[in-house]
Amino acid sequence: MKKKEKLLFPVVCILLFGLGLETGGFQLSVLQMAKEFQISSASMGLMIGAQYGAIMLMPLIFGKRSDRWGKKYVILGAMLVFLAGCLLIVAAPGYGLVLAGIFVLGSGYSVCESTATAVLTDQFAKKAGGYISLTQSCFSLGAVAGPLLVDYGIRRFGMDWRLTFWMAAGLYACMLVPMLCTQVRPLQLSAGTPSGKEGHRFRPDLVMGCLIFAMVIYVGIENGTGYFADTFLELDLQITGKASGVIAAFWSAMILSRIVSGILYRLKRRLLLICYTGSMLLLGGLYFVSDLHVVTVMFFLMGLFYGPVWPALMGIAAEEYPERTGAVTGLMASACGAGGALFPVLMGWALNMFGVRASYLMMAGMAGLAIAAILRLYIHLNGKSAGRKRGDWHVPSEK
């Protein structure tokens with residue numbers, strides 16, 4: 001592998017670290033942003049949903065195009081958009097422009113993450129699942145660092161929530177030149193792949209539908225868990241100043257579990273079922289606990305269960321269409337956006353109506369639906385899989 005090709009993996013790791021930095025910092029900051037702009041819990045959910053609305057839309061637009069235009073240049077463009085969104089947020093004088101900035105940020109965020117995942121699949125072929133898990137570990141590391149750094153900046157230097165977006169903007173500005181210096185291996189079409197318009201047909205079936213549904217639920221419960229942690233502690237448990245530690249515990253566990261999931265990637269089917277089941281039980285358990293130490297342990301355990309899900313779902317989808325990695329990862333990223341846009345709004349509504357605990361109970365029920373989707377996927381694969389033609393959506397053999 002050439003030197004410029006070797007540079008690609010560490011650059012992607014740093015880019016994902018930056019996205020995690022923004023995610024973790026935003027999760028800590030969202031309540032403070034709501035207080036500054038004097039908005040309701042429902043509007044707070046809308047602020048989170050604005051980012052994930054962009055994540056839902058933009059990969060659909062740029063996923064297929066990245067296969068044709070070149071993924072490196074699409075990533076560079078997405079980095080500039082992400083940078084512009086961060087700067088718009090920190091300069092915004094009111095809630096409306098903050099909302100617009102969050103949407104711009106989410107546009108760059110989504111295209112950068114999904115296209116970088118597709119690049120890893122192109123570059124590393126069958127080993128891509130492990131590389132995707134490692135880059136997601138870097139994302140989790142950033143999500144640990146984000147709330148801790150923001151909390152330290154607020155306490156030590158009197159800064160505010162804007163530090164989250166200053167840090168992410170600075171990191172991405174520094175990474176523009178290294179990304180420009182990388183070399184991305186061109187997309188390779190297999191011998192049997194049709195050319196021209198025929199090769200671009202995209203017909204997802206039941207299996208892909210199950211994967212998309214499971215991704216929507218996963219991102220929804222992950223964001224609902226993290227973004228409302230500060231709200232849960234402060235408004236329900238009457239505990240202030242401890243959210244950064246709880247969120248850091250949550251994301252620290254993800255680092256560990258994503259590294260392990262990369263090693264155990266062949267067991268991804270079993271891991272998916274275990275992780276959704278554990279998530280459902282823990283989310284339901286939050287309804288009954290009040291002690292800070294127990295809550296912290298439960299958030300840590302949820303991080304362990306959440307960690308392997310995104311790399312497994314995204315890796316399965318990307319591996320199954322190696323000739324269309326941009327389109328496939330774009331579609332899955334849009335599913336991420338759908339979950340991230342819908343669930344915070346639902347959480348905000350449920351919080352206003354029933355309280356934070358009932359919101360987590362609602363997410364436990366959603367995790368149960370994801371378990372049903374995964375089981376339906378396995379029944380389909382173990383049933384009539386022999387009758388499917390090549391090109392249909394299916395999960396690869398783990399043997």
# chains A, B, ... in the order shown; residues from 1 in each chain; ligands from 1
>>> closest_atom_pairs(of="stretch 109-166 of chain A", to="stretch 224-231 of chain A", cutoff="12 Å", atoms="only C-alpha atoms", output="JSON lines")
{"residue": "A:Ala143", "atom": "CA", "partner": "A:Gly226", "partner_atom": "CA", "distance": 10.2}
{"residue": "A:Val144", "atom": "CA", "partner": "A:Gly226", "partner_atom": "CA", "distance": 11.3}
{"residue": "A:Pro147", "atom": "CA", "partner": "A:Asp230", "partner_atom": "CA", "distance": 10.9}
>>> residues_around(residues="A:Leu19", least_positions_apart="4", cutoff="8 Å", atoms="only C-alpha atoms", output="list in words")
Leu15, Thr23, Tyr109, Phe139, Gly142, Ala143 and Ala168 of chain A
>>> atom_distance(atom1="atom CA of A:Pro93", atom2="atom CA of A:Gln51")
18.5 Å
>>> select_by_dssp(residues="stretch 67-313 of chain A", states="alpha helix (DSSP H)", output="number ranges by chain")
A: 67-69, 71-91, 95-124, 128-157, 163-180, 206-227, 229-231, 243-263, 268-285, 292-306, 309-313
>>> atom_distance(atom1="atom CA of A:Thr164", atom2="atom CA of A:Leu149")
8.3 Å
>>> residues_around(residues="stretch 48-50 of chain A", least_positions_apart="3", cutoff="6 Å", atoms="only C-alpha atoms", output="PyMOL selection string")
chain A and resi 45+53+103+341
>>> write_last_selection(atoms="N, CA, C and O atoms", output="mmCIF file, in the first residue's frame")
data_model
loop_
_atom_site.group_PDB
_atom_site.id
_atom_site.type_symbol
_atom_site.label_atom_id
_atom_site.label_comp_id
_atom_site.auth_asym_id
_atom_site.auth_seq_id
_atom_site.Cartn_x
_atom_site.Cartn_y
_atom_site.Cartn_z
ATOM 1 N N GLY A 45 -35.767 19.283 21.873
ATOM 2 C CA GLY A 45 -35.757 18.096 21.023
ATOM 3 C C GLY A 45 -35.677 18.444 19.549
ATOM 4 O O GLY A 45 -35.014 17.765 18.769
ATOM 5 N N GLY A 53 -32.117 15.584 11.111
ATOM 6 C CA GLY A 53 -32.870 15.772 9.874
ATOM 7 C C GLY A 53 -31.936 15.924 8.695
ATOM 8 O O GLY A 53 -32.162 15.363 7.611
ATOM 9 N N PHE A 103 -28.436 22.479 11.442
ATOM 10 C CA PHE A 103 -28.787 21.762 10.211
ATOM 11 C C PHE A 103 -27.601 21.723 9.244
ATOM 12 O O PHE A 103 -27.304 20.684 8.642
ATOM 13 N N ALA A 341 -33.489 12.217 14.234
ATOM 14 C CA ALA A 341 -34.421 13.337 14.105
ATOM 15 C C ALA A 341 -35.729 13.054 14.837
ATOM 16 O O ALA A 341 -36.310 13.953 15.453
#
>>> closest_residue(among="A:Ile374, A:Met314, A:Leu361, A:Cys336", to="A:Arg270", atoms="only C-alpha atoms")
A:Ile374
>>> residues_around(residues="A:Phe232", least_positions_apart="3", cutoff="12 Å", atoms="only C-alpha atoms", output="VMD selection string")
chain A and resid 28 31 41 224 to 229 235 to 240 242 to 243 246 to 247 286 to 287 289 to 292 295 to 296 299 347 to 348 351 355 to 360
>>> residues_around(residues="A:Thr277", least_positions_apart="6", cutoff="12 Å", atoms="only C-alpha atoms", output="mmCIF file with all heavy atoms, in the first residue's frame")
data_model
loop_
_atom_site.group_PDB
_atom_site.id
_atom_site.type_symbol
_atom_site.label_atom_id
_atom_site.label_comp_id
_atom_site.auth_asym_id
_atom_site.auth_seq_id
_atom_site.Cartn_x
_atom_site.Cartn_y
_atom_site.Cartn_z
ATOM 1 N N TYR A 218 -31.827 2.042 16.710
ATOM 2 C CA TYR A 218 -30.567 2.151 17.451
ATOM 3 C C TYR A 218 -30.150 3.606 17.650
ATOM 4 O O TYR A 218 -29.856 4.035 18.768
ATOM 5 C CB TYR A 218 -29.442 1.398 16.724
ATOM 6 C CG TYR A 218 -28.093 1.855 17.204
ATOM 7 C CD1 TYR A 218 -27.668 1.567 18.496
ATOM 8 C CD2 TYR A 218 -27.270 2.645 16.401
ATOM 9 C CE1 TYR A 218 -26.457 2.041 18.971
ATOM 10 C CE2 TYR A 218 -26.063 3.118 16.863
ATOM 11 C CZ TYR A 218 -25.655 2.809 18.147
ATOM 12 O OH TYR A 218 -24.474 3.298 18.625
ATOM 13 N N ARG A 270 -25.020 -12.517 16.348
ATOM 14 C CA ARG A 270 -25.325 -12.798 17.749
ATOM 15 C C ARG A 270 -25.183 -11.538 18.594
ATOM 16 O O ARG A 270 -25.992 -11.283 19.502
ATOM 17 C CB ARG A 270 -24.400 -13.884 18.278
ATOM 18 C CG ARG A 270 -24.575 -15.224 17.574
ATOM 19 C CD ARG A 270 -23.574 -16.240 18.089
ATOM 20 N NE ARG A 270 -23.623 -17.482 17.328
ATOM 21 C CZ ARG A 270 -22.808 -18.510 17.501
ATOM 22 N NH1 ARG A 270 -21.875 -18.436 18.452
ATOM 23 N NH2 ARG A 270 -22.909 -19.594 16.765
ATOM 24 N N LEU A 271 -24.139 -10.747 18.308
ATOM 25 C CA LEU A 271 -23.917 -9.523 19.065
ATOM 26 C C LEU A 271 -25.101 -8.571 18.938
ATOM 27 O O LEU A 271 -25.503 -7.924 19.914
ATOM 28 C CB LEU A 271 -22.632 -8.835 18.599
ATOM 29 C CG LEU A 271 -21.313 -9.469 19.047
ATOM 30 C CD1 LEU A 271 -20.131 -8.745 18.407
ATOM 31 C CD2 LEU A 271 -21.183 -9.440 20.564
ATOM 32 N N LEU A 283 -32.778 0.267 29.644
ATOM 33 C CA LEU A 283 -33.634 1.437 29.466
ATOM 34 C C LEU A 283 -34.890 1.325 30.332
ATOM 35 O O LEU A 283 -35.321 2.300 30.954
ATOM 36 C CB LEU A 283 -34.014 1.594 27.997
ATOM 37 C CG LEU A 283 -32.919 2.127 27.065
ATOM 38 C CD1 LEU A 283 -33.309 1.930 25.600
ATOM 39 C CD2 LEU A 283 -32.651 3.595 27.346
ATOM 40 N N GLY A 284 -35.466 0.132 30.368
ATOM 41 C CA GLY A 284 -36.609 -0.073 31.239
ATOM 42 C C GLY A 284 -36.248 0.078 32.704
ATOM 43 O O GLY A 284 -37.022 0.609 33.511
ATOM 44 N N MET A 302 -25.110 0.461 29.296
ATOM 45 C CA MET A 302 -25.774 0.756 28.031
ATOM 46 C C MET A 302 -24.759 1.073 26.945
ATOM 47 O O MET A 302 -24.928 0.692 25.780
ATOM 48 C CB MET A 302 -26.764 1.915 28.211
ATOM 49 C CG MET A 302 -28.077 1.483 28.856
ATOM 50 S SD MET A 302 -29.366 2.750 28.793
ATOM 51 C CE MET A 302 -28.759 3.899 30.012
ATOM 52 N N PHE A 305 -23.513 -2.120 25.522
ATOM 53 C CA PHE A 305 -24.458 -2.767 24.613
ATOM 54 C C PHE A 305 -24.662 -1.977 23.321
ATOM 55 O O PHE A 305 -24.868 -2.560 22.266
ATOM 56 C CB PHE A 305 -25.802 -2.975 25.319
ATOM 57 C CG PHE A 305 -25.815 -4.111 26.301
ATOM 58 C CD1 PHE A 305 -26.079 -3.888 27.645
ATOM 59 C CD2 PHE A 305 -25.551 -5.403 25.886
ATOM 60 C CE1 PHE A 305 -26.086 -4.940 28.553
ATOM 61 C CE2 PHE A 305 -25.561 -6.472 26.781
ATOM 62 C CZ PHE A 305 -25.831 -6.234 28.118
ATOM 63 N N TYR A 306 -24.622 -0.662 23.403
ATOM 64 C CA TYR A 306 -24.818 0.137 22.200
ATOM 65 C C TYR A 306 -23.637 0.046 21.232
ATOM 66 O O TYR A 306 -23.804 0.124 20.020
ATOM 67 C CB TYR A 306 -25.008 1.616 22.563
ATOM 68 C CG TYR A 306 -26.323 1.972 23.211
ATOM 69 C CD1 TYR A 306 -26.557 3.264 23.679
ATOM 70 C CD2 TYR A 306 -27.347 1.035 23.381
ATOM 71 C CE1 TYR A 306 -27.762 3.616 24.278
ATOM 72 C CE2 TYR A 306 -28.542 1.382 23.987
ATOM 73 C CZ TYR A 306 -28.741 2.678 24.435
ATOM 74 O OH TYR A 306 -29.927 3.015 25.027
ATOM 75 N N VAL A 309 -23.390 -2.055 17.806
ATOM 76 C CA VAL A 309 -24.542 -2.091 16.902
ATOM 77 C C VAL A 309 -24.274 -1.338 15.602
ATOM 78 O O VAL A 309 -24.472 -1.876 14.499
ATOM 79 C CB VAL A 309 -25.798 -1.534 17.596
ATOM 80 C CG1 VAL A 309 -26.973 -1.504 16.625
ATOM 81 C CG2 VAL A 309 -26.151 -2.387 18.812
ATOM 82 N N ALA A 364 -37.325 1.836 25.724
ATOM 83 C CA ALA A 364 -37.192 0.396 25.963
ATOM 84 C C ALA A 364 -38.139 -0.382 25.061
ATOM 85 O O ALA A 364 -37.780 -1.427 24.498
ATOM 86 C CB ALA A 364 -37.453 0.073 27.429
ATOM 87 N N GLY A 365 -39.362 0.123 24.921
ATOM 88 C CA GLY A 365 -40.316 -0.519 24.013
ATOM 89 C C GLY A 365 -39.841 -0.491 22.577
ATOM 90 O O GLY A 365 -40.011 -1.464 21.821
ATOM 91 N N MET A 366 -39.213 0.610 22.158
ATOM 92 C CA MET A 366 -38.672 0.705 20.803
ATOM 93 C C MET A 366 -37.542 -0.305 20.589
ATOM 94 O O MET A 366 -37.424 -0.917 19.517
ATOM 95 C CB MET A 366 -38.157 2.118 20.546
ATOM 96 C CG MET A 366 -39.244 3.171 20.528
ATOM 97 S SD MET A 366 -40.374 2.940 19.138
ATOM 98 C CE MET A 366 -41.469 4.344 19.353
ATOM 99 N N ALA A 367 -36.703 -0.493 21.602
ATOM 100 C CA ALA A 367 -35.646 -1.496 21.504
ATOM 101 C C ALA A 367 -36.239 -2.887 21.315
ATOM 102 O O ALA A 367 -35.691 -3.727 20.591
ATOM 103 C CB ALA A 367 -34.760 -1.450 22.749
ATOM 104 N N GLY A 368 -37.385 -3.138 21.965
ATOM 105 C CA GLY A 368 -38.070 -4.416 21.762
ATOM 106 C C GLY A 368 -38.508 -4.602 20.324
ATOM 107 O O GLY A 368 -38.437 -5.713 19.776
ATOM 108 N N LEU A 369 -38.952 -3.532 19.671
ATOM 109 C CA LEU A 369 -39.314 -3.614 18.251
ATOM 110 C C LEU A 369 -38.101 -3.934 17.389
ATOM 111 O O LEU A 369 -38.197 -4.672 16.401
ATOM 112 C CB LEU A 369 -39.956 -2.296 17.795
ATOM 113 C CG LEU A 369 -41.307 -1.939 18.409
ATOM 114 C CD1 LEU A 369 -41.778 -0.579 17.892
ATOM 115 C CD2 LEU A 369 -42.342 -3.016 18.094
ATOM 116 N N ALA A 370 -36.949 -3.389 17.748
ATOM 117 C CA ALA A 370 -35.726 -3.696 17.007
ATOM 118 C C ALA A 370 -35.356 -5.171 17.147
ATOM 119 O O ALA A 370 -34.889 -5.797 16.188
ATOM 120 C CB ALA A 370 -34.579 -2.811 17.491
ATOM 121 N N ILE A 371 -35.557 -5.727 18.333
ATOM 122 C CA ILE A 371 -35.310 -7.161 18.533
ATOM 123 C C ILE A 371 -36.198 -7.970 17.593
ATOM 124 O O ILE A 371 -35.747 -8.943 16.968
ATOM 125 C CB ILE A 371 -35.568 -7.551 20.001
ATOM 126 C CG1 ILE A 371 -34.540 -6.890 20.914
ATOM 127 C CG2 ILE A 371 -35.522 -9.072 20.168
ATOM 128 C CD1 ILE A 371 -34.842 -7.049 22.395
ATOM 129 N N ALA A 372 -37.456 -7.571 17.472
ATOM 130 C CA ALA A 372 -38.376 -8.268 16.571
ATOM 131 C C ALA A 372 -37.889 -8.186 15.125
ATOM 132 O O ALA A 372 -37.971 -9.168 14.369
ATOM 133 C CB ALA A 372 -39.779 -7.679 16.698
ATOM 134 N N ILE A 374 -34.740 -7.845 14.098
ATOM 135 C CA ILE A 374 -33.553 -8.695 13.947
ATOM 136 C C ILE A 374 -33.963 -10.165 13.871
ATOM 137 O O ILE A 374 -33.437 -10.938 13.059
ATOM 138 C CB ILE A 374 -32.575 -8.461 15.122
ATOM 139 C CG1 ILE A 374 -32.028 -7.027 15.091
ATOM 140 C CG2 ILE A 374 -31.422 -9.457 15.073
ATOM 141 C CD1 ILE A 374 -31.216 -6.694 13.857
ATOM 142 N N LEU A 375 -34.913 -10.569 14.711
ATOM 143 C CA LEU A 375 -35.391 -11.952 14.650
ATOM 144 C C LEU A 375 -36.048 -12.244 13.302
ATOM 145 O O LEU A 375 -35.856 -13.327 12.734
ATOM 146 C CB LEU A 375 -36.376 -12.207 15.791
ATOM 147 C CG LEU A 375 -35.772 -12.263 17.202
ATOM 148 C CD1 LEU A 375 -36.876 -12.345 18.238
ATOM 149 C CD2 LEU A 375 -34.808 -13.438 17.333
#
>>> residues_around(residues="A:Val81", least_positions_apart="3", cutoff="6 Å", atoms="only C-alpha atoms", output="PyMOL selection string")
chain A and resi 78+84+108
>>> closest_residue(among="A:Glu22, A:Glu222, A:Asp122, A:Asp160", to="A:Met363", atoms="only C-alpha atoms")
A:Glu222
>>> atom_distance(atom1="atom CA of A:Ile102", atom2="atom CA of A:Val219")
17.5 Å
>>> residues_around(residues="A:Ile132", least_positions_apart="3", cutoff="12 Å", atoms="only C-alpha atoms", output="MDAnalysis selection string")
chainID A and resid 9:10 12:13 16 113:129 135:139 258:259 261:263 265 307:316 318:319 329
